[in-house]
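As provided, my_file-v5.cif (mmCIF, C-alpha atoms and all ligand atoms) reads as follows.
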```
data_my_file
loop_
_atom_site.label_atom_id
_atom_site.label_comp_id
_atom_site.auth_asym_id
_atom_site.auth_seq_id
_atom_site.Cartn_x
_atom_site.Cartn_y
_atom_site.Cartn_z
CA MET P 216 -12.49 -10.29 -20.92
CA ARG P 217 -15.84 -9.90 -19.20
CA TYR P 218 -15.40 -6.14 -19.40
CA THR P 219 -14.68 -6.35 -23.13
CA LEU P 220 -17.84 -8.41 -23.64
CA TYR P 221 -19.84 -5.98 -21.55
CA ARG P 222 -18.63 -3.07 -23.66
CA TRP P 223 -19.21 -4.93 -26.90
CA SER P 224 -22.75 -5.82 -25.99
CA TRP P 225 -23.61 -2.14 -25.57
CA ALA P 226 -21.71 -1.21 -28.74
CA ALA P 227 -23.76 -3.82 -30.62
CA LEU P 228 -26.96 -2.27 -29.30
CA ASP P 229 -25.75 1.12 -30.54
CA LEU P 230 -25.78 -0.32 -34.06
CA LEU P 231 -29.35 -1.49 -33.68
CA PHE P 232 -30.59 1.60 -31.85
CA PRO P 233 -28.40 4.59 -32.73
CA PRO P 234 -27.86 6.51 -29.48
CA ILE P 235 -27.93 10.20 -28.71
CA CYS P 236 -25.35 11.95 -26.57
CA GLY P 237 -26.20 11.94 -22.86
CA GLY P 238 -24.79 15.44 -22.47
CA CYS P 239 -26.19 17.38 -25.44
CA ASP P 240 -28.57 15.06 -27.37
CA ALA P 241 -26.31 15.05 -30.46
CA PRO P 242 -27.17 11.95 -32.52
CA GLY P 243 -24.94 8.97 -33.20
CA THR P 244 -22.96 8.65 -30.00
CA ARG P 245 -23.63 8.02 -26.32
CA TRP P 246 -21.14 10.62 -25.10
CA CYS P 247 -19.87 12.99 -27.77
CA PRO P 248 -16.31 14.38 -28.01
CA GLU P 249 -17.59 17.90 -27.36
CA CYS P 250 -19.25 16.90 -24.07
CA GLN P 251 -16.15 14.93 -23.07
CA LYS P 252 -14.10 18.05 -23.68
CA ASN P 253 -16.52 20.27 -21.78
CA THR P 254 -16.60 18.10 -18.68
CA ALA P 255 -14.54 19.78 -15.99
CA ARG P 256 -12.18 17.42 -14.23
CA ILE P 257 -11.20 17.97 -10.62
CA LYS P 258 -7.71 19.33 -10.80
CA THR P 259 -4.83 19.06 -8.41
CA PRO P 260 -4.17 20.21 -5.82
CA HIS P 261 -7.11 18.62 -4.07
CA CYS P 262 -7.75 17.60 -0.49
CA GLN P 263 -6.00 14.26 0.10
CA TYR P 264 -8.96 13.05 2.18
CA CYS P 265 -12.15 14.11 0.42
CA GLY P 266 -10.86 15.10 -3.01
CA GLN P 267 -12.30 18.63 -2.89
CA PRO P 268 -10.16 21.14 -4.82
CA VAL P 269 -7.93 23.22 -2.51
CA SER P 270 -5.34 25.92 -3.03
CA GLY P 271 -2.08 24.43 -1.92
CA GLN P 272 -2.74 22.89 1.50
CA ASP P 273 -3.08 19.10 1.88
CA ARG P 274 -6.63 19.18 3.27
CA CYS P 275 -9.71 21.32 2.75
CA ASP P 276 -11.21 23.48 5.50
CA ARG P 277 -13.89 20.95 6.24
CA CYS P 278 -11.45 18.04 6.61
CA ALA P 279 -9.25 20.27 8.78
CA GLU P 280 -12.23 20.41 11.17
CA SER P 281 -13.18 16.76 11.01
CA LEU P 282 -11.87 14.05 8.74
CA PRO P 283 -14.23 11.98 6.59
CA LYS P 284 -14.91 8.44 7.77
CA MET P 285 -13.47 7.02 4.59
CA THR P 286 -9.76 6.52 4.12
CA ALA P 287 -10.05 8.63 0.98
CA ILE P 288 -12.71 9.90 -1.40
CA ARG P 289 -12.13 10.95 -4.99
CA SER P 290 -14.44 12.33 -7.63
CA TRP P 291 -13.67 12.22 -11.29
CA SER P 292 -15.33 15.45 -12.41
CA ILE P 293 -17.18 18.54 -11.27
CA PHE P 294 -20.96 18.15 -11.26
CA ASP P 295 -21.81 20.71 -13.90
CA GLY P 296 -22.48 21.10 -17.61
CA PRO P 297 -22.78 17.96 -19.72
CA ILE P 298 -21.95 15.52 -16.93
CA ARG P 299 -24.91 16.86 -14.95
CA ASN P 300 -27.23 16.15 -17.90
CA ALA P 301 -25.67 12.75 -18.43
CA LEU P 302 -26.07 11.71 -14.80
CA HIS P 303 -29.67 12.86 -14.89
CA ARG P 304 -30.23 10.46 -17.78
CA VAL P 305 -28.53 7.63 -15.94
CA LYS P 306 -30.57 8.31 -12.83
CA TYR P 307 -34.02 8.83 -14.31
CA GLN P 308 -33.91 6.99 -17.64
CA ARG P 309 -31.87 3.96 -16.63
CA ASP P 310 -29.36 4.64 -19.39
CA ILE P 311 -27.05 1.70 -18.70
CA ALA P 312 -25.09 2.17 -21.94
CA LEU P 313 -24.39 5.80 -21.07
CA ALA P 314 -23.24 4.76 -17.58
CA GLU P 315 -20.82 2.30 -19.16
CA VAL P 316 -19.22 4.91 -21.42
CA LEU P 317 -19.06 7.54 -18.65
CA MET P 318 -17.19 5.13 -16.40
CA ARG P 319 -14.48 4.19 -18.93
CA PRO P 320 -12.03 6.93 -17.90
CA VAL P 321 -12.89 6.35 -14.23
CA VAL P 322 -11.61 2.77 -14.53
CA THR P 323 -8.14 4.06 -15.38
CA TYR P 324 -8.42 6.87 -12.86
CA VAL P 325 -9.20 4.58 -9.92
CA HIS P 326 -6.73 1.96 -11.08
CA ASP P 327 -3.95 4.58 -10.99
CA LEU P 328 -4.81 5.53 -7.39
CA GLU P 329 -3.44 2.09 -6.34
CA TRP P 330 -5.85 1.73 -3.46
CA GLY P 331 -5.61 -2.06 -3.26
CA ILE P 332 -9.37 -2.67 -3.47
CA ASP P 333 -10.91 -6.12 -2.91
CA ILE P 334 -14.60 -5.39 -3.37
CA VAL P 335 -16.60 -2.79 -5.31
CA ALA P 336 -20.06 -1.86 -4.01
CA PRO P 337 -22.63 0.81 -4.90
CA VAL P 338 -24.31 3.13 -2.43
CA PRO P 339 -27.62 1.29 -2.09
CA LEU P 340 -31.15 2.62 -2.29
CA SER P 341 -33.70 1.65 0.31
CA LYS P 342 -36.04 -1.22 -0.62
CA ASN P 343 -38.92 1.19 -1.12
CA ARG P 344 -36.96 3.53 -3.35
CA LEU P 345 -35.61 0.60 -5.34
CA ARG P 346 -39.12 -0.72 -5.84
CA GLU P 347 -40.34 2.70 -7.01
CA ARG P 348 -37.49 3.33 -9.42
CA GLY P 349 -36.76 -0.23 -10.40
CA TYR P 350 -33.00 0.19 -10.37
CA ASN P 351 -30.19 1.88 -8.51
CA GLN P 352 -28.25 4.45 -10.53
CA ALA P 353 -25.10 3.89 -8.45
CA ASP P 354 -25.29 0.22 -9.42
CA LEU P 355 -25.26 1.16 -13.12
CA LEU P 356 -21.98 3.02 -12.54
CA ALA P 357 -20.33 0.66 -10.08
CA LYS P 358 -20.75 -2.47 -12.17
CA PRO P 359 -18.71 -1.38 -15.21
CA LEU P 360 -16.09 0.08 -12.84
CA ALA P 361 -15.68 -3.29 -11.10
CA LEU P 362 -15.62 -5.14 -14.41
CA GLY P 363 -13.11 -2.71 -15.86
CA MET P 364 -10.80 -3.08 -12.88
CA GLY P 365 -11.20 -6.86 -12.79
CA LEU P 366 -12.51 -6.69 -9.22
CA ARG P 367 -15.29 -8.49 -7.39
CA TYR P 368 -18.57 -6.69 -7.71
CA GLN P 369 -20.76 -7.10 -4.63
CA PRO P 370 -23.89 -4.98 -5.12
CA LYS P 371 -25.41 -6.21 -1.86
CA THR P 372 -22.46 -5.33 0.36
CA LEU P 373 -24.36 -2.40 1.87
CA ARG P 374 -28.02 -2.17 2.76
CA ARG P 375 -30.04 0.94 3.33
CA GLY P 376 -32.35 0.10 6.17
CA ARG P 377 -34.65 3.06 6.29
CA ASP P 378 -35.86 5.62 3.84
CA THR P 379 -33.97 8.85 3.94
CA ARG P 380 -35.37 12.05 2.53
CA SER P 381 -33.75 13.76 -0.42
CA GLN P 382 -30.66 15.67 0.69
CA VAL P 383 -31.18 18.45 -1.82
CA ASP P 384 -32.49 21.16 0.52
CA LEU P 385 -30.54 20.16 3.60
CA ASN P 386 -27.49 21.82 5.12
CA LEU P 387 -24.44 19.83 6.19
CA ALA P 388 -25.61 19.05 9.75
CA GLN P 389 -29.06 18.04 8.50
CA ARG P 390 -27.50 15.83 5.84
CA ARG P 391 -25.44 14.02 8.43
CA ASP P 392 -28.48 13.44 10.64
CA ASN P 393 -30.55 12.37 7.67
CA VAL P 394 -28.30 9.44 6.74
CA LYS P 395 -26.91 8.59 10.17
CA ASP P 396 -27.27 4.85 10.84
CA ALA P 397 -29.19 4.42 7.59
CA PHE P 398 -26.76 1.78 6.30
CA SER P 399 -25.57 -1.61 7.40
CA ALA P 400 -23.09 -4.07 5.93
CA THR P 401 -22.66 -7.82 6.10
CA SER P 402 -19.47 -8.76 7.91
CA LYS P 403 -19.36 -12.10 6.10
CA VAL P 404 -18.74 -10.17 2.90
CA VAL P 405 -16.52 -7.29 4.06
CA ASP P 406 -14.55 -8.62 7.03
CA GLY P 407 -10.87 -7.98 6.36
CA LYS P 408 -11.57 -6.57 2.90
CA ALA P 409 -10.78 -3.21 1.34
CA VAL P 410 -14.07 -1.88 0.00
CA LEU P 411 -14.63 0.75 -2.67
CA VAL P 412 -18.04 2.43 -2.48
CA VAL P 413 -19.34 4.00 -5.68
CA ASP P 414 -21.91 6.76 -6.08
CA ASP P 415 -22.99 9.12 -8.83
CA VAL P 416 -22.51 12.47 -7.10
CA ALA P 417 -20.88 13.57 -3.84
CA THR P 418 -22.16 16.78 -2.30
CA SER P 419 -21.44 16.95 1.42
CA GLY P 420 -19.93 13.47 1.60
CA SER P 421 -22.35 12.57 4.40
CA THR P 422 -23.81 9.59 2.53
CA LEU P 423 -20.34 8.14 1.94
CA ASP P 424 -19.50 8.80 5.58
CA ALA P 425 -22.55 6.86 6.71
CA CYS P 426 -21.63 3.98 4.37
CA ALA P 427 -18.10 4.01 5.78
CA GLU P 428 -19.34 3.71 9.35
CA ALA P 429 -21.35 0.62 8.46
CA LEU P 430 -18.38 -0.93 6.66
CA TRP P 431 -15.92 -0.27 9.48
CA GLN P 432 -18.39 -1.79 11.91
CA ALA P 433 -18.64 -4.88 9.73
CA GLY P 434 -14.86 -5.30 9.84
CA ALA P 435 -13.65 -3.79 6.56
CA SER P 436 -9.87 -3.35 6.48
CA ASP P 437 -10.12 -0.21 4.40
CA VAL P 438 -12.91 1.94 2.98
CA TYR P 439 -12.67 4.17 -0.07
CA GLY P 440 -15.22 6.14 -2.03
CA VAL P 441 -15.38 7.26 -5.61
CA THR P 442 -18.04 9.30 -7.37
CA LEU P 443 -18.34 10.20 -11.00
CA ALA P 444 -18.94 13.83 -10.08
CA ARG P 445 -18.68 16.19 -7.16
CA ALA P 446 -20.90 19.17 -6.48
CA VAL P 447 -18.99 22.37 -5.87
CA LEU P 448 -19.43 23.15 -2.20
CA THR P 449 -21.22 26.21 -0.95
CA SER P 450 -21.03 27.58 2.57
CA ASN P 451 -23.53 25.10 4.01
ZN ZN L 501 -22.66 15.74 -26.36
ZN ZN L 502 -11.33 17.49 2.38
#
```
Once more with this new file: its structure as structure tokens, please.
Ligand SMILES: [Zn+2]
Ligand SMILES: [Zn+2]
Amino acid sequence: MRYTLYRWSWAALDLLFPPICGGCDAPGTRWCPECQKNTARIKTPHCQYCGQPVSGQDRCDRCAESLPKMTAIRSWSIFDGPIRNALHRVKYQRDIALAEVLMRPVVTYVHDLEWGIDIVAPVPLSKNRLRERGYNQADLLAKPLALGMGLRYQPKTLRRGRDTRSQVDLNLAQRRDNVKDAFSATSKVVDGKAVLVVDDVATSGSTLDACAEALWQAGASDVYGVTLARAVLTSN
């Protein structure tokens, strides 16, 4: 019911302020059928741990070397084409209505994974970054997911204690170091609970790993991650 209201409130705003498509700027819709069609989903087979596409085996090369800290990570789409534009809009223009429509299919997708989640939480920004930007893009995605699944939304489950630099130009080892011990979690909230951490894009998975460490330490019974998109991995 709350999810229906949430969706309706954004649909009502669409009537007042006709939207443009977050993928291609076409007028009249937040996320047009063409962009939906041109968004590449992650196909099976994929690694059962990190969700990266693989050719036949049950885990990718990276997970064969060392498993992610999360029980499982899944991404809904490949970070490319219209979804890349759309996530840019969510991240830099605070397009909450676009985030809501992008997450609709993810609600069904995560529901069908049958993970047994108790709590949904976004990957947090640091206090400084949050003050600068005014909002957390992962929060815009995680909230409608929690509402859609009828689960408890706990945006303050994780905290990001220190500022971390942008991961964009870093290789895998640098990414791990960059976010190591950056997060903490409140055991009062997560103790004995299965937590789903939500982010916009997964690249190396090191941010989700660092979140998982904090959640395990705080006593979570299970830790899962889902991102709307996943960057195609290169050799670093
Ligand atoms: Zn479009
Ligand atoms: Zn993997």
Measure the distance from CA of Asn351 (chain P) to CA of Leu317 (chain P) in Å and round it to one decimal.
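It comes out at 16.1 Å.
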Nearest to ligand ZN 501 (chain L) by atom-to-atom distance, counting all atoms listed in the file, from P:Leu411, P:Leu282, P:Leu220, P:Ala301
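Checking each of P:Leu411, P:Leu282, P:Leu220, P:Ala301 against ligand ZN 501 (chain L), counting all atoms listed in the file, the winner is P:Ala301.
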Selected residue of minimal separation from Gln432 (chain P) among P:Thr244, P:Asn343, P:Ser419, P:Thr401, counting all atoms listed in the file
P:Thr401
Top pick for closest residue to Asp414 (chain P), considering P:Arg380, P:Arg289, P:Arg256, P:Lys284 and counting all atoms listed in the file
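When distances to Asp414 (chain P) are compared using all atoms listed in the file, the smallest one comes from P:Arg289.
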Return as number ranges by chain every polymer residue, whether protein, DNA or RNA, with at least one atom no more than 12 Å from an atom of ligand ZN 502 (chain L); count all atoms listed in the file.
P: 260-270, 272-290, 418-420, 448
Who sits within 8 Å of Ala417 (chain P), all atoms listed in the file, same chain under 4 positions skipped, as a list in words
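Contacts, in chain order: Ser290, Leu423, Thr442, Ala444, Arg445 and Ala446 of chain P.
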Nearby residues, ligand ZN 501 (chain L), 10 Å, all atoms listed in the file, as JSON, numbers by chain
{"P": [235, 236, 237, 238, 239, 240, 241, 242, 243, 244, 245, 246, 247, 248, 249, 250, 251, 252, 253, 297, 298, 300, 301]}
From the list P:Pro233, P:Leu355, P:Ser341, P:Trp330, which residue is nearest Arg309 (chain P) when using all atoms listed in the file?
P:Leu355
For each of P:Val447, P:Leu228, P:Ile293, P:Met318, take the minimum atom-to-atom distance to Asp354 (chain P), counting only C-alpha atoms, then give the residue where this is smallest.
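Smallest distance to Asp354 (chain P) is found for P:Met318.
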Pick out the closest residue to Leu443 (chain P) from this set: P:Ser399, P:Thr254, P:Ser381, P:Gln389. Count all atoms listed in the file.
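The answer is P:Thr254, which sits nearest to Leu443 (chain P).
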Pick out the residues sitting within 12 Å of Val438 (chain P), and hand them over as a PyMOL selection string; count only C-alpha atoms, and ignore anything fewer than 2 positions along from it in its own chain.
chain P and resi 264+283-288+330-336+405-413+423-436+440-441
Record the distance separating CA of Ser402 (chain P) and CA of Ala353 (chain P), expressed in Å with one decimal.
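A separation of 21.4 Å between them.
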Work out how far apart CA of Met364 (chain P) and CA of Trp223 (chain P) are and give it in Å to one decimal.
16.5 Å
